[in-house]
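Q: Dropping a structure here in structure tokens format, bear with me for questions.
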Amino acid sequence: MNAIDDRPTISERYTIAVDGTYVFDENLLIAAGKCKETLGTMLLRLRGEFDNAKASIDGTGNTTLTDRLLILAQLKTLREAQEALSYLAAQRAIVERFMQPAPMPRELAGMKGWREDAERKGRAVRALSGRVLVAFLDPNCHACDGTGSLGGYGSLQVRSICRACGGSSKTRAGIGRSAAEREFAAHLLGLVERSVSRAEQAISAGLPQAKEVRRIVGEAVS
Ligand SMILES: [Zn+2]
């Protein structure tokens with residue numbers, strides 16, 4: 001049930017190290033420190049905060065709305081990651097021609113409507129990026145608790161397919177009201193996953209060097 005268990009080792013170890021609650025591996029901390037800060041490292045850190053906060057509130061993976069709000073309130077780097085992802089989403093929306101404003105009207109009379117439309121589209125892109133971030137942090141659907149169906153606890157009750165995730169059990173399946181929105185959200189989630197995996201690779205690559213640094217420092221102080 002708990003998705004944290006399937007996560008890559010680097011991610012988990014990095015999390016523990018940056019959170020400071022328990023330095024699991026000093027080499028990893030050194031390696032992470034040598035990496036350039038990217039969207040990937042930012043998201044890796046945020047997911048670490050999320051996993052820690054979630055574990056401290058409820059280790060079983062079943063969380064109520066209040067629990068989820070409490071978890072979000074604990075995330076120190078949520079805002080910066082949210083802003084970075086929202087910025088990326090706005091850029092990608094232009095490239096992908098998603099939710100683009102209509103050409104600016106020549107008549108002044110049409111300006112107000114045009115501006116409102118552009119603002120509405122900007123908010124829609126931002127909202128989608130927020131939902132993508134949630135799907136990245138918490139991949140299992142909350143409505144059905146990652147089971148894909150609802151009800152059916154008693155012998156007479158029939159289980160029904162969860163409408164939030166369409167029975168897929170994944171948060172990502174519920175993003176977007178139109179085909180275009182779903183496609184853009186999937187594109188964004190793909191970018192998020194690739195940037196995180198690049199960050200994990202960069203940290204792994206820095207590990208041998210970090211071990212060497214630690215050995216030299218260790219020799220110098222002993
Ligand atoms: Zn569901």
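Each chain in the structure tokens gets a letter, A, B and so on, in the order shown; residues start at 1 in every chain, and ligands are counted from 1 in the order they appear.
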Under the rule of at most 6 Å, produce a per-residue listing of chain A near ligand 1: chain, number, name, the closest pair of atoms, and the distance in Å, as JSON lines, using only C-alpha atoms and all ligand atoms.
A:
{"residue": "A:Cys141", "atom": "CA", "partner": "ligand 1", "partner_atom_place_in_ligand_line": "1 (Zn)", "distance": 4.6}
{"residue": "A:Ala143", "atom": "CA", "partner": "ligand 1", "partner_atom_place_in_ligand_line": "1 (Zn)", "distance": 4.9}
{"residue": "A:Cys144", "atom": "CA", "partner": "ligand 1", "partner_atom_place_in_ligand_line": "1 (Zn)", "distance": 4.1}
{"residue": "A:Gly146", "atom": "CA", "partner": "ligand 1", "partner_atom_place_in_ligand_line": "1 (Zn)", "distance": 5.9}
{"residue": "A:Gly148", "atom": "CA", "partner": "ligand 1", "partner_atom_place_in_ligand_line": "1 (Zn)", "distance": 4.6}
{"residue": "A:Cys162", "atom": "CA", "partner": "ligand 1", "partner_atom_place_in_ligand_line": "1 (Zn)", "distance": 4.5}
{"residue": "A:Ala164", "atom": "CA", "partner": "ligand 1", "partner_atom_place_in_ligand_line": "1 (Zn)", "distance": 5.0}
{"residue": "A:Cys165", "atom": "CA", "partner": "ligand 1", "partner_atom_place_in_ligand_line": "1 (Zn)", "distance": 4.1}
{"residue": "A:Gly167", "atom": "CA", "partner": "ligand 1", "partner_atom_place_in_ligand_line": "1 (Zn)", "distance": 5.8}
{"residue": "A:Ser169", "atom": "CA", "partner": "ligand 1", "partner_atom_place_in_ligand_line": "1 (Zn)", "distance": 4.6}
Q: Per residue of stretch 146-195 of chain A within 8 Å of stretch 122-140 of chain A, what are the shortest atom pair and its distance in Å to one decimal, counting only C-alpha atoms, with rows by chain and residue number, as a Markdown table?
A:
| residue | atom | partner | partner_atom | distance |
| --- | --- | --- | --- | --- |
| A:Gly146 | CA | A:Asn140 | CA | 4.7 |
| A:Ser169 | CA | A:Asn140 | CA | 6.0 |
| A:Lys170 | CA | A:Asn140 | CA | 4.7 |
| A:Thr171 | CA | A:Ala135 | CA | 5.2 |
| A:Arg172 | CA | A:Ala135 | CA | 5.2 |
| A:Ile175 | CA | A:Arg131 | CA | 6.7 |
| A:Gly176 | CA | A:Leu128 | CA | 7.3 |
| A:Glu181 | CA | A:Leu128 | CA | 7.8 |
| A:Ala185 | CA | A:Val132 | CA | 6.4 |
| A:Leu188 | CA | A:Val132 | CA | 7.1 |
| A:Leu189 | CA | A:Val132 | CA | 6.0 |
| A:Val192 | CA | A:Phe136 | CA | 7.8 |
| A:Glu193 | CA | A:Phe136 | CA | 7.9 |
Q: Taking 5 positions as the minimum chain separation for residues in the same chain, which residues sit within 8 Å of A:Pro101 when counting only C-alpha atoms? Answer as a VMD selection string.
A: chain A and resid 114 117 to 118 121
Q: Please list as a list in words every residue within 8 Å of A:Phe50, counting only C-alpha atoms and excluding residues in the same chain fewer than 6 positions away.
A: Ile71, Leu72, Gln74, Leu75 and Leu137 of chain A
Q: As a PyMOL selection string, please: every residue in stretch 70-190 of chain A that a backbone DSSP assignment puts in alpha helix (DSSP H).
A: chain A and resi 70-74+78-95+111-137+179-190
Q: When distances are computed from only C-alpha atoms, which of A:Thr38, A:Ser86, A:Gln91, A:Ser56 shows the smallest separation from A:Arg198?
A: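 Looking only at the distances to A:Arg198, the closest residue turns out to be A:Thr38.
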Q: Leaving out A:Ala73 and any residue of its chain fewer than 3 positions from it, which residues lie within 12 Å of it when counting only C-alpha atoms, given as a ChimeraX atom specification?
A: /A:49-50,53-54,57,66-70,76-79
Q: Calculated over only C-alpha atoms, which of the candidates A:Tyr87, A:Phe98, A:Ala205, A:Gly40 has the smallest distance to A:Ala179?
A: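 When distances to A:Ala179 are compared using only C-alpha atoms, the smallest one comes from A:Phe98.
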